[in-house]
$ cat upload-v8.pdb   # PDB, C-alpha atoms
ATOM      1  CA  TYR A 132       0.000   0.000   0.000  1.00  0.00           C
ATOM      2  CA  ASP A 133       2.899   2.374   0.675  1.00  0.00           C
ATOM      3  CA  VAL A 134       3.927   2.037  -2.974  1.00  0.00           C
ATOM      4  CA  ILE A 135       0.400   2.269  -4.414  1.00  0.00           C
ATOM      5  CA  LEU A 136      -0.516   5.337  -2.347  1.00  0.00           C
ATOM      6  CA  ASN A 137       2.727   7.177  -3.169  1.00  0.00           C
ATOM      7  CA  ILE A 138       1.433   9.193  -6.131  1.00  0.00           C
ATOM      8  CA  SER A 139       4.824  10.466  -7.334  1.00  0.00           C
ATOM      9  CA  LEU A 140       6.383   6.994  -7.158  1.00  0.00           C
ATOM     10  CA  VAL A 141       3.461   5.467  -9.062  1.00  0.00           C
ATOM     11  CA  MET A 142       3.801   8.113 -11.795  1.00  0.00           C
ATOM     12  CA  VAL A 143       7.553   7.470 -12.081  1.00  0.00           C
ATOM     13  CA  MET A 144       6.975   3.713 -12.340  1.00  0.00           C
ATOM     14  CA  MET A 145       4.250   4.140 -14.962  1.00  0.00           C
ATOM     15  CA  GLY A 146       6.454   6.510 -16.938  1.00  0.00           C
ATOM     16  CA  GLY A 147       9.314   4.005 -16.809  1.00  0.00           C
ATOM     17  CA  VAL A 148       7.106   1.186 -18.084  1.00  0.00           C
ATOM     18  CA  VAL A 149       5.702   3.344 -20.907  1.00  0.00           C
ATOM     19  CA  PHE A 150       9.218   4.443 -21.898  1.00  0.00           C
ATOM     20  CA  ILE A 151      10.603   0.891 -21.985  1.00  0.00           C
ATOM     21  CA  VAL A 152       7.693  -0.505 -24.010  1.00  0.00           C
ATOM     22  CA  SER A 153       7.604   2.443 -26.430  1.00  0.00           C
ATOM     23  CA  PHE A 154      11.388   2.371 -26.853  1.00  0.00           C
ATOM     24  CA  ALA A 155      11.264  -1.347 -27.633  1.00  0.00           C
ATOM     25  CA  GLY A 156       8.579  -0.786 -30.275  1.00  0.00           C
ATOM     26  CA  CYS A 157      10.431   2.170 -31.826  1.00  0.00           C
ATOM     27  CA  VAL A 158      13.833   0.445 -32.006  1.00  0.00           C
ATOM     28  CA  GLY A 159      12.228  -2.813 -33.114  1.00  0.00           C
ATOM     29  CA  ALA A 160      10.543  -1.068 -36.042  1.00  0.00           C
ATOM     30  CA  LEU A 161      13.615   0.986 -37.031  1.00  0.00           C
ATOM     31  CA  ARG A 162      16.098  -1.898 -36.783  1.00  0.00           C
ATOM     32  CA  GLU A 163      13.583  -4.541 -37.946  1.00  0.00           C
ATOM     33  CA  ASN A 164      14.224  -6.539 -34.783  1.00  0.00           C
ATOM     34  CA  THR A 165      11.484  -9.150 -34.392  1.00  0.00           C
ATOM     35  CA  CYS A 166      12.377  -9.887 -30.758  1.00  0.00           C
ATOM     36  CA  LEU A 167      11.725  -6.287 -29.738  1.00  0.00           C
ATOM     37  CA  LEU A 168       8.538  -6.204 -31.809  1.00  0.00           C
ATOM     38  CA  LYS A 169       7.300  -9.391 -30.124  1.00  0.00           C
ATOM     39  CA  PHE A 170       8.085  -7.877 -26.717  1.00  0.00           C
ATOM     40  CA  TYR A 171       6.249  -4.682 -27.697  1.00  0.00           C
ATOM     41  CA  SER A 172       3.104  -6.428 -28.983  1.00  0.00           C
ATOM     42  CA  LEU A 173       3.075  -8.819 -25.997  1.00  0.00           C
ATOM     43  CA  CYS A 174       3.237  -5.923 -23.527  1.00  0.00           C
ATOM     44  CA  LEU A 175       0.397  -4.136 -25.320  1.00  0.00           C
ATOM     45  CA  LEU A 176      -1.664  -7.326 -25.245  1.00  0.00           C
ATOM     46  CA  ILE A 177      -1.059  -7.724 -21.504  1.00  0.00           C
ATOM     47  CA  PHE A 178      -2.054  -4.082 -20.892  1.00  0.00           C
ATOM     48  CA  PHE A 179      -5.183  -4.601 -22.994  1.00  0.00           C
ATOM     49  CA  LEU A 180      -6.217  -7.755 -21.092  1.00  0.00           C
ATOM     50  CA  LEU A 181      -5.631  -6.083 -17.709  1.00  0.00           C
ATOM     51  CA  GLU A 182      -7.702  -3.059 -18.739  1.00  0.00           C
ATOM     52  CA  MET A 183     -10.522  -5.306 -19.976  1.00  0.00           C
ATOM     53  CA  ALA A 184     -10.441  -7.320 -16.741  1.00  0.00           C
ATOM     54  CA  VAL A 185     -10.693  -4.194 -14.579  1.00  0.00           C
ATOM     55  CA  ALA A 186     -13.448  -2.752 -16.799  1.00  0.00           C
ATOM     56  CA  ILE A 187     -15.493  -5.959 -16.709  1.00  0.00           C
ATOM     57  CA  ILE A 188     -15.194  -6.267 -12.929  1.00  0.00           C
ATOM     58  CA  GLY A 189     -16.098  -2.590 -12.505  1.00  0.00           C
ATOM     59  CA  PHE A 190     -19.177  -2.756 -14.775  1.00  0.00           C
ATOM     60  CA  VAL A 191     -20.453  -6.192 -13.741  1.00  0.00           C
ATOM     61  CA  PHE A 192     -19.715  -5.980 -10.006  1.00  0.00           C
ATOM     62  CA  PRO A 193     -19.726  -2.249  -9.138  1.00  0.00           C
ATOM     63  CA  HIS A 194     -20.768  -2.766  -5.509  1.00  0.00           C
ATOM     64  CA  THR A 195     -18.140  -5.480  -5.028  1.00  0.00           C
ATOM     65  CA  MET A 196     -15.488  -3.174  -6.478  1.00  0.00           C
ATOM     66  CA  GLN A 197     -16.621  -0.367  -4.198  1.00  0.00           C
ATOM     67  CA  ALA A 198     -16.521  -2.614  -1.128  1.00  0.00           C
ATOM     68  CA  MET A 199     -13.051  -3.872  -2.062  1.00  0.00           C
ATOM     69  CA  LEU A 200     -11.698  -0.332  -2.499  1.00  0.00           C
ATOM     70  CA  GLU A 201     -13.228   0.803   0.788  1.00  0.00           C
ATOM     71  CA  GLU A 202     -11.884  -2.212   2.663  1.00  0.00           C
ATOM     72  CA  ASN A 203      -8.342  -2.066   1.286  1.00  0.00           C
ATOM     73  CA  PHE A 204      -7.600   1.646   0.925  1.00  0.00           C
ATOM     74  CA  THR A 205      -9.858   3.761   3.147  1.00  0.00           C
ATOM     75  CA  ASP A 206      -8.089   3.234   6.471  1.00  0.00           C
ATOM     76  CA  LYS A 207      -4.615   3.509   4.972  1.00  0.00           C
ATOM     77  CA  ILE A 208      -5.384   6.751   3.116  1.00  0.00           C
ATOM     78  CA  ILE A 209      -7.113   8.322   6.122  1.00  0.00           C
ATOM     79  CA  HIS A 210      -4.292   7.342   8.511  1.00  0.00           C
ATOM     80  CA  THR A 211      -1.483   8.695   6.286  1.00  0.00           C
ATOM     81  CA  TYR A 212      -3.299  11.862   5.176  1.00  0.00           C
ATOM     82  CA  ARG A 213      -1.040  14.203   7.171  1.00  0.00           C
ATOM     83  CA  ASP A 214       2.133  12.141   6.692  1.00  0.00           C
ATOM     84  CA  ASP A 215       2.305  12.253   2.890  1.00  0.00           C
ATOM     85  CA  PRO A 216       1.968  15.731   1.284  1.00  0.00           C
ATOM     86  CA  ASP A 217       1.409  14.245  -2.190  1.00  0.00           C
ATOM     87  CA  LEU A 218      -1.400  12.030  -0.911  1.00  0.00           C
ATOM     88  CA  GLN A 219      -2.869  14.940   1.046  1.00  0.00           C
ATOM     89  CA  ASN A 220      -2.979  17.134  -2.057  1.00  0.00           C
ATOM     90  CA  PHE A 221      -4.560  14.320  -4.063  1.00  0.00           C
ATOM     91  CA  VAL A 222      -7.252  13.676  -1.427  1.00  0.00           C
ATOM     92  CA  ASP A 223      -8.013  17.397  -1.112  1.00  0.00           C
ATOM     93  CA  PHE A 224      -8.265  17.703  -4.897  1.00  0.00           C
ATOM     94  CA  ALA A 225     -10.606  14.688  -5.116  1.00  0.00           C
ATOM     95  CA  GLN A 226     -12.849  15.927  -2.289  1.00  0.00           C
ATOM     96  CA  GLN A 227     -13.153  19.375  -3.831  1.00  0.00           C
ATOM     97  CA  GLU A 228     -13.735  18.131  -7.387  1.00  0.00           C
ATOM     98  CA  PHE A 229     -16.275  15.432  -6.523  1.00  0.00           C
ATOM     99  CA  ARG A 230     -17.809  17.312  -3.590  1.00  0.00           C
ATOM    100  CA  CYS A 231     -17.329  14.491  -1.123  1.00  0.00           C
ATOM    101  CA  CYS A 232     -15.769  13.938   2.284  1.00  0.00           C
ATOM    102  CA  GLY A 233     -14.007  10.769   3.346  1.00  0.00           C
ATOM    103  CA  LEU A 234     -13.861   7.657   1.207  1.00  0.00           C
ATOM    104  CA  SER A 235     -16.203   4.934   2.424  1.00  0.00           C
ATOM    105  CA  SER A 236     -19.962   4.887   2.904  1.00  0.00           C
ATOM    106  CA  GLU A 237     -19.423   6.461   6.342  1.00  0.00           C
ATOM    107  CA  GLY A 238     -18.599   9.735   4.589  1.00  0.00           C
ATOM    108  CA  TYR A 239     -17.294  12.549   6.770  1.00  0.00           C
ATOM    109  CA  LYS A 240     -17.226  10.201   9.781  1.00  0.00           C
ATOM    110  CA  ASP A 241     -14.210   8.496   8.156  1.00  0.00           C
ATOM    111  CA  TRP A 242     -11.997  11.266   9.469  1.00  0.00           C
ATOM    112  CA  ALA A 243     -12.512  10.032  13.029  1.00  0.00           C
ATOM    113  CA  LYS A 244      -9.914   7.364  12.097  1.00  0.00           C
ATOM    114  CA  ASN A 245      -7.212   9.996  11.640  1.00  0.00           C
ATOM    115  CA  GLU A 246      -5.123  10.828  14.706  1.00  0.00           C
ATOM    116  CA  TYR A 247      -5.401  14.576  14.087  1.00  0.00           C
ATOM    117  CA  PHE A 248      -9.165  14.664  13.480  1.00  0.00           C
ATOM    118  CA  ASN A 249     -10.094  12.090  16.108  1.00  0.00           C
ATOM    119  CA  CYS A 250     -12.182  13.517  18.959  1.00  0.00           C
ATOM    120  CA  SER A 251      -9.643  12.241  21.493  1.00  0.00           C
ATOM    121  CA  SER A 252      -6.824  14.164  19.802  1.00  0.00           C
ATOM    122  CA  PRO A 253      -5.249  17.135  21.640  1.00  0.00           C
ATOM    123  CA  SER A 254      -5.028  18.926  18.283  1.00  0.00           C
ATOM    124  CA  GLY A 255      -7.238  21.909  17.510  1.00  0.00           C
ATOM    125  CA  GLU A 256      -8.548  19.897  14.561  1.00  0.00           C
ATOM    126  CA  ARG A 257     -10.177  17.264  16.797  1.00  0.00           C
ATOM    127  CA  CYS A 258     -13.663  16.174  15.754  1.00  0.00           C
ATOM    128  CA  GLY A 259     -13.128  18.030  12.491  1.00  0.00           C
ATOM    129  CA  VAL A 260     -12.604  17.283   8.801  1.00  0.00           C
ATOM    130  CA  PRO A 261     -10.170  18.745   6.222  1.00  0.00           C
ATOM    131  CA  TYR A 262     -11.074  22.104   4.704  1.00  0.00           C
ATOM    132  CA  SER A 263     -11.522  20.400   1.311  1.00  0.00           C
ATOM    133  CA  CYS A 264     -14.754  18.876   2.669  1.00  0.00           C
ATOM    134  CA  CYS A 265     -16.315  22.301   3.192  1.00  0.00           C
ATOM    135  CA  MET A 266     -18.917  23.645   0.788  1.00  0.00           C
ATOM    136  CA  ASN A 267     -17.578  27.190   0.995  1.00  0.00           C
ATOM    137  CA  ALA A 268     -13.969  26.891   2.119  1.00  0.00           C
ATOM    138  CA  THR A 269     -12.747  29.764  -0.057  1.00  0.00           C
ATOM    139  CA  SER A 270     -13.967  33.310   0.488  1.00  0.00           C
ATOM    140  CA  ILE A 271     -15.152  34.810  -2.798  1.00  0.00           C
ATOM    141  CA  SER A 272     -14.204  38.338  -1.779  1.00  0.00           C
ATOM    142  CA  SER A 273     -10.696  37.698  -0.460  1.00  0.00           C
ATOM    143  CA  GLY A 274      -9.876  34.428  -2.219  1.00  0.00           C
ATOM    144  CA  LEU A 275      -8.415  33.023   1.020  1.00  0.00           C
ATOM    145  CA  VAL A 276      -9.054  29.456   2.168  1.00  0.00           C
ATOM    146  CA  ASN A 277     -10.604  29.006   5.614  1.00  0.00           C
ATOM    147  CA  ILE A 278      -8.747  25.926   6.851  1.00  0.00           C
ATOM    148  CA  MET A 279     -10.834  25.943  10.053  1.00  0.00           C
ATOM    149  CA  CYS A 280     -14.204  25.593   8.311  1.00  0.00           C
ATOM    150  CA  GLY A 281     -14.440  21.876   9.092  1.00  0.00           C
ATOM    151  CA  TYR A 282     -13.619  22.053  12.804  1.00  0.00           C
ATOM    152  CA  GLY A 283     -16.061  20.213  15.075  1.00  0.00           C
ATOM    153  CA  VAL A 284     -18.152  18.819  12.203  1.00  0.00           C
ATOM    154  CA  GLN A 285     -17.967  15.223  13.463  1.00  0.00           C
ATOM    155  CA  THR A 286     -19.973  16.189  16.534  1.00  0.00           C
ATOM    156  CA  LEU A 287     -22.899  17.276  14.330  1.00  0.00           C
ATOM    157  CA  SER A 288     -25.665  15.092  12.976  1.00  0.00           C
ATOM    158  CA  VAL A 289     -25.744  14.307   9.254  1.00  0.00           C
ATOM    159  CA  ALA A 290     -28.513  16.868   8.714  1.00  0.00           C
ATOM    160  CA  GLU A 291     -26.571  19.637  10.466  1.00  0.00           C
ATOM    161  CA  ALA A 292     -23.216  18.672   8.951  1.00  0.00           C
ATOM    162  CA  SER A 293     -24.695  18.640   5.423  1.00  0.00           C
ATOM    163  CA  LYS A 294     -25.208  22.414   5.723  1.00  0.00           C
ATOM    164  CA  LYS A 295     -21.462  22.966   6.131  1.00  0.00           C
ATOM    165  CA  VAL A 296     -19.622  20.073   4.453  1.00  0.00           C
ATOM    166  CA  TRP A 297     -20.144  17.362   1.878  1.00  0.00           C
ATOM    167  CA  THR A 298     -21.155  14.276   3.843  1.00  0.00           C
ATOM    168  CA  SER A 299     -20.983  11.468   1.250  1.00  0.00           C
ATOM    169  CA  GLY A 300     -17.864   9.324   0.719  1.00  0.00           C
ATOM    170  CA  CYS A 301     -15.805   9.858  -2.430  1.00  0.00           C
ATOM    171  CA  ILE A 302     -15.896   6.230  -3.605  1.00  0.00           C
ATOM    172  CA  GLU A 303     -19.708   6.242  -3.582  1.00  0.00           C
ATOM    173  CA  ILE A 304     -19.797   9.609  -5.395  1.00  0.00           C
ATOM    174  CA  VAL A 305     -17.365   8.409  -8.056  1.00  0.00           C
ATOM    175  CA  ARG A 306     -19.363   5.206  -8.551  1.00  0.00           C
ATOM    176  CA  SER A 307     -22.582   7.208  -8.962  1.00  0.00           C
ATOM    177  CA  TRP A 308     -20.875   9.574 -11.416  1.00  0.00           C
ATOM    178  CA  THR A 309     -19.594   6.587 -13.389  1.00  0.00           C
ATOM    179  CA  GLU A 310     -23.080   5.085 -13.584  1.00  0.00           C
ATOM    180  CA  ARG A 311     -24.526   8.402 -14.832  1.00  0.00           C
ATOM    181  CA  ASN A 312     -21.854   8.695 -17.527  1.00  0.00           C
ATOM    182  CA  LEU A 313     -21.675   5.010 -18.350  1.00  0.00           C
ATOM    183  CA  TYR A 314     -22.121   5.335 -22.125  1.00  0.00           C
ATOM    184  CA  PHE A 315     -19.509   8.081 -22.429  1.00  0.00           C
ATOM    185  CA  ILE A 316     -16.965   6.124 -20.366  1.00  0.00           C
ATOM    186  CA  ALA A 317     -17.719   2.938 -22.313  1.00  0.00           C
ATOM    187  CA  GLY A 318     -17.213   4.819 -25.598  1.00  0.00           C
ATOM    188  CA  VAL A 319     -13.850   6.212 -24.488  1.00  0.00           C
ATOM    189  CA  ALA A 320     -12.754   2.791 -23.212  1.00  0.00           C
ATOM    190  CA  LEU A 321     -13.814   1.169 -26.486  1.00  0.00           C
ATOM    191  CA  GLY A 322     -11.873   3.766 -28.494  1.00  0.00           C
ATOM    192  CA  ILE A 323      -8.727   3.159 -26.426  1.00  0.00           C
ATOM    193  CA  ALA A 324      -9.149  -0.616 -26.727  1.00  0.00           C
ATOM    194  CA  LEU A 325      -9.570  -0.467 -30.504  1.00  0.00           C
ATOM    195  CA  SER A 326      -6.513   1.771 -30.867  1.00  0.00           C
ATOM    196  CA  GLN A 327      -4.453  -0.685 -28.807  1.00  0.00           C
ATOM    197  CA  LEU A 328      -5.662  -3.624 -30.914  1.00  0.00           C
ATOM    198  CA  PHE A 329      -4.828  -1.700 -34.083  1.00  0.00           C
ATOM    199  CA  VAL A 330      -1.280  -1.004 -32.872  1.00  0.00           C
ATOM    200  CA  ILE A 331      -0.865  -4.684 -31.922  1.00  0.00           C
ATOM    201  CA  TYR A 332      -2.054  -5.622 -35.417  1.00  0.00           C
ATOM    202  CA  LEU A 333       0.473  -3.240 -37.004  1.00  0.00           C
ATOM    203  CA  ALA A 334       3.306  -4.654 -34.880  1.00  0.00           C
ATOM    204  CA  LYS A 335       2.405  -8.255 -35.777  1.00  0.00           C
ATOM    205  CA  THR A 336       2.053  -7.306 -39.460  1.00  0.00           C
ATOM    206  CA  LEU A 337       5.501  -5.672 -39.504  1.00  0.00           C
ATOM    207  CA  GLU A 338       6.925  -8.689 -37.700  1.00  0.00           C
ATOM    208  CA  GLY A 339       5.431 -11.018 -40.327  1.00  0.00           C
ATOM    209  CA  GLN A 340       6.814  -8.900 -43.171  1.00  0.00           C
ATOM    210  CA  ILE A 341      10.299  -8.961 -41.636  1.00  0.00           C
ATOM    211  CA  ASP A 342      10.169 -12.764 -41.240  1.00  0.00           C
ATOM    212  CA  LEU A 343       8.970 -13.142 -44.817  1.00  0.00           C
ATOM    213  CA  GLN A 344      11.811 -10.962 -46.131  1.00  0.00           C
ATOM    214  CA  LYS A 345      14.360 -12.946 -44.067  1.00  0.00           C
ATOM    215  CA  SER A 346      13.025 -16.245 -45.444  1.00  0.00           C
ATOM    216  CA  ARG A 347      13.575 -14.967 -49.003  1.00  0.00           C
ATOM    217  CA  TRP A 348      17.169 -14.114 -48.167  1.00  0.00           C
ATOM    218  CA  VAL A 349      17.770 -17.641 -46.831  1.00  0.00           C
ATOM    219  CA  SER A 350      16.243 -19.270 -49.890  1.00  0.00           C
TER
END
$ encode --input "upload-v8.pdb" --output "structure tokens"
Amino acid sequence: YDVILNISLVMVMMGGVVFIVSFAGCVGALRENTCLLKFYSLCLLIFFLLEMAVAIIGFVFPHTMQAMLEENFTDKIIHTYRDDPDLQNFVDFAQQEFRCCGLSSEGYKDWAKNEYFNCSSPSGERCGVPYSCCMNATSISSGLVNIMCGYGVQTLSVAEASKKVWTSGCIEIVRSWTERNLYFIAGVALGIALSQLFVIYLAKTLEGQIDLQKSRWVS
């Protein structure tokens, strides 16, 4: 989880994988190296199958996927919110963009699991939530962010808290947004899948042409 939740490290790893695979395809095509082309097309096929597997699980078992995400990531993300600045910025961005608070179905109550926002904490933030949960954290006139707008929210009922902060968990909000935009997301996914299949076809075609040319030289 420490690796998965480290946003910068994940981006570096993804960039490294993309560079290696793309470099193999580029050099394989330029030097007519069938080994590199096979490696390139195989990697693309693996990426395609993994994407299809995740998409199928997400569309067929949305509630199971939601429960799995909540069970495996909620506590870890909430606990390390203050310890990892990159993760903190990502969580704040997600809560502001999707108008949610917390991750699981418990919503804003999730923040009771954090040592700074727990009601037994000596911190001034006890029983509170991050400012990114607030409906109006930024003053329109001054443009300043009120980082204290979520203080004491956990002591309020859902009805009272809903007047100040977003109370629903982000995973539930994202799942609902996905269901509302299902056709658009499916169209984008289909376009990406078809483009990947087309590139795999081109790589295999070039590989076959190279083998055919080599067989003519031998004969």
$ residues_near_point --input "upload-v8.pdb" --point "(-7.9, 13.4, 12.9)" --cutoff "10 Å" --atoms "all atoms listed in the file" --output "number ranges by chain"
A: 209-210, 212-213, 241-261
$ closest_residue --input "upload-v8.pdb" --among "A:Thr205, A:Asn164, A:Ser288, A:Ser307" --to "Glu338 of chain A" --atoms "only C-alpha atoms"
A:Asn164
$ axis_aligned_box --input "upload-v8.pdb" --around "segment 326-338 of chain A" --padding-each-side "3 Å" --output "JSON"
{"center_x": 0.2, "center_y": -3.5, "center_z": -34.2, "size_x": 19.4, "size_y": 16.5, "size_z": 16.7}
$ closest_residue --input "upload-v8.pdb" --among "A:Ala198, A:Ala334, A:Leu325, A:Ile138" --to "Phe179 of chain A" --atoms "all atoms listed in the file"
A:Leu325
$ atom_distance --input "upload-v8.pdb" --atom1 "atom CA of Ala324 of chain A" --atom2 "atom CA of Met183 of chain A"
8.3 Å
$ resolve_selection --input "upload-v8.pdb" --expression "the PyMOL selection byres ((chain A and resi 302) around 8)" --output "ChimeraX atom specification"
/A:197,200-201,234-236,300-301,303-306
$ residues_near_point --input "upload-v8.pdb" --point "(13.6, -2.5, -28.7)" --cutoff "12 Å" --atoms "all atoms listed in the file" --output "CSV table (one decimal) with C-alpha atoms, in the coordinates of the input"
chain,number,residue,atom,x,y,z
A,150,PHE,CA,9.2,4.4,-21.9
A,151,ILE,CA,10.6,0.9,-22.0
A,152,VAL,CA,7.7,-0.5,-24.0
A,153,SER,CA,7.6,2.4,-26.4
A,154,PHE,CA,11.4,2.4,-26.9
A,155,ALA,CA,11.3,-1.3,-27.6
A,156,GLY,CA,8.6,-0.8,-30.3
A,157,CYS,CA,10.4,2.2,-31.8
A,158,VAL,CA,13.8,0.4,-32.0
A,159,GLY,CA,12.2,-2.8,-33.1
A,160,ALA,CA,10.5,-1.1,-36.0
A,161,LEU,CA,13.6,1.0,-37.0
A,162,ARG,CA,16.1,-1.9,-36.8
A,163,GLU,CA,13.6,-4.5,-37.9
A,164,ASN,CA,14.2,-6.5,-34.8
A,165,THR,CA,11.5,-9.2,-34.4
A,166,CYS,CA,12.4,-9.9,-30.8
A,167,LEU,CA,11.7,-6.3,-29.7
A,168,LEU,CA,8.5,-6.2,-31.8
A,169,LYS,CA,7.3,-9.4,-30.1
A,170,PHE,CA,8.1,-7.9,-26.7
A,171,TYR,CA,6.2,-4.7,-27.7
A,172,SER,CA,3.1,-6.4,-29.0
$ atom_distance --input "upload-v8.pdb" --atom1 "atom CA of Ala184 of chain A" --atom2 "atom CA of Lys335 of chain A"
23.0 Å
$ closest_residue --input "upload-v8.pdb" --among "A:Val222, A:Leu180, A:Val284, A:Gly147" --to "Gln327 of chain A" --atoms "only C-alpha atoms"
A:Leu180
$ resolve_selection --input "upload-v8.pdb" --expression "the PyMOL selection byres ((chain A and resi 229) around 9)" --output "PDB file with C-alpha atoms, in the frame of the given file"
ATOM      1  CA  PHE A 224      -8.265  17.703  -4.897  1.00  0.00           C
ATOM      2  CA  ALA A 225     -10.606  14.688  -5.116  1.00  0.00           C
ATOM      3  CA  GLN A 226     -12.849  15.927  -2.289  1.00  0.00           C
ATOM      4  CA  GLN A 227     -13.153  19.375  -3.831  1.00  0.00           C
ATOM      5  CA  GLU A 228     -13.735  18.131  -7.387  1.00  0.00           C
ATOM      6  CA  ARG A 230     -17.809  17.312  -3.590  1.00  0.00           C
ATOM      7  CA  CYS A 231     -17.329  14.491  -1.123  1.00  0.00           C
ATOM      8  CA  CYS A 232     -15.769  13.938   2.284  1.00  0.00           C
ATOM      9  CA  CYS A 301     -15.805   9.858  -2.430  1.00  0.00           C
ATOM     10  CA  ILE A 304     -19.797   9.609  -5.395  1.00  0.00           C
ATOM     11  CA  VAL A 305     -17.365   8.409  -8.056  1.00  0.00           C
ATOM     12  CA  TRP A 308     -20.875   9.574 -11.416  1.00  0.00           C
TER      13      TRP A 308
END
$ closest_residue --input "upload-v8.pdb" --among "A:Met199, A:Cys264, A:Leu328, A:Leu343" --to "Ser299 of chain A" --atoms "all atoms listed in the file"
A:Cys264
$ atom_distance --input "upload-v8.pdb" --atom1 "atom CA of Gln340 of chain A" --atom2 "atom CA of Leu173 of chain A"
17.6 Å
$ closest_residue --input "upload-v8.pdb" --among "A:Leu175, A:Ala186, A:Val289, A:Met144" --to "Leu321 of chain A" --atoms "all atoms listed in the file"
A:Ala186
$ build_atoms --input "upload-v8.pdb" --residues "segment 234-240 of chain A" --atoms "all heavy atoms" --output "PDB file, in the coordinates of the input"
ATOM      1  N   LEU A 234     -13.902   8.579   2.341  1.00  0.00           N
ATOM      2  CA  LEU A 234     -13.861   7.657   1.207  1.00  0.00           C
ATOM      3  C   LEU A 234     -14.991   6.639   1.219  1.00  0.00           C
ATOM      4  O   LEU A 234     -15.633   6.405   0.200  1.00  0.00           O
ATOM      5  CB  LEU A 234     -12.512   6.924   1.186  1.00  0.00           C
ATOM      6  CG  LEU A 234     -11.271   7.804   1.003  1.00  0.00           C
ATOM      7  CD1 LEU A 234     -10.015   6.962   1.098  1.00  0.00           C
ATOM      8  CD2 LEU A 234     -11.313   8.510  -0.333  1.00  0.00           C
ATOM      9  N   SER A 235     -15.237   6.031   2.356  1.00  0.00           N
ATOM     10  CA  SER A 235     -16.203   4.934   2.424  1.00  0.00           C
ATOM     11  C   SER A 235     -17.628   5.458   2.552  1.00  0.00           C
ATOM     12  O   SER A 235     -17.889   6.663   2.505  1.00  0.00           O
ATOM     13  CB  SER A 235     -15.866   4.022   3.609  1.00  0.00           C
ATOM     14  OG  SER A 235     -16.168   4.676   4.832  1.00  0.00           O
ATOM     15  N   SER A 236     -18.552   4.527   2.756  1.00  0.00           N
ATOM     16  CA  SER A 236     -19.962   4.887   2.904  1.00  0.00           C
ATOM     17  C   SER A 236     -20.228   5.667   4.190  1.00  0.00           C
ATOM     18  O   SER A 236     -21.294   6.269   4.344  1.00  0.00           O
ATOM     19  CB  SER A 236     -20.820   3.610   2.891  1.00  0.00           C
ATOM     20  OG  SER A 236     -20.373   2.693   3.870  1.00  0.00           O
ATOM     21  N   GLU A 237     -19.265   5.681   5.112  1.00  0.00           N
ATOM     22  CA  GLU A 237     -19.423   6.461   6.342  1.00  0.00           C
ATOM     23  C   GLU A 237     -19.266   7.959   6.094  1.00  0.00           C
ATOM     24  O   GLU A 237     -19.620   8.776   6.938  1.00  0.00           O
ATOM     25  CB  GLU A 237     -18.401   6.010   7.391  1.00  0.00           C
ATOM     26  CG  GLU A 237     -18.612   4.575   7.870  1.00  0.00           C
ATOM     27  CD  GLU A 237     -17.617   4.185   8.945  1.00  0.00           C
ATOM     28  OE1 GLU A 237     -16.903   5.090   9.440  1.00  0.00           O
ATOM     29  OE2 GLU A 237     -17.539   3.001   9.288  1.00  0.00           O
ATOM     30  N   GLY A 238     -18.720   8.323   4.950  1.00  0.00           N
ATOM     31  CA  GLY A 238     -18.599   9.735   4.589  1.00  0.00           C
ATOM     32  C   GLY A 238     -17.674  10.509   5.501  1.00  0.00           C
ATOM     33  O   GLY A 238     -16.568  10.072   5.799  1.00  0.00           O
ATOM     34  N   TYR A 239     -18.149  11.665   5.962  1.00  0.00           N
ATOM     35  CA  TYR A 239     -17.294  12.549   6.770  1.00  0.00           C
ATOM     36  C   TYR A 239     -16.877  11.923   8.085  1.00  0.00           C
ATOM     37  O   TYR A 239     -15.893  12.344   8.702  1.00  0.00           O
ATOM     38  CB  TYR A 239     -18.000  13.888   7.001  1.00  0.00           C
ATOM     39  CG  TYR A 239     -19.170  13.850   7.950  1.00  0.00           C
ATOM     40  CD1 TYR A 239     -19.047  14.340   9.243  1.00  0.00           C
ATOM     41  CD2 TYR A 239     -20.399  13.319   7.562  1.00  0.00           C
ATOM     42  CE1 TYR A 239     -20.118  14.320  10.120  1.00  0.00           C
ATOM     43  CE2 TYR A 239     -21.467  13.286   8.427  1.00  0.00           C
ATOM     44  CZ  TYR A 239     -21.334  13.786   9.709  1.00  0.00           C
ATOM     45  OH  TYR A 239     -22.407  13.750  10.572  1.00  0.00           O
ATOM     46  N   LYS A 240     -17.594  10.892   8.540  1.00  0.00           N
ATOM     47  CA  LYS A 240     -17.226  10.201   9.781  1.00  0.00           C
ATOM     48  C   LYS A 240     -15.919   9.415   9.637  1.00  0.00           C
ATOM     49  O   LYS A 240     -15.322   9.005  10.635  1.00  0.00           O
ATOM     50  CB  LYS A 240     -18.346   9.249  10.200  1.00  0.00           C
ATOM     51  CG  LYS A 240     -19.648   9.946  10.593  1.00  0.00           C
ATOM     52  CD  LYS A 240     -19.508  10.734  11.877  1.00  0.00           C
ATOM     53  CE  LYS A 240     -20.850  11.300  12.343  1.00  0.00           C
ATOM     54  NZ  LYS A 240     -20.720  12.074  13.602  1.00  0.00           N
TER      55      LYS A 240
END
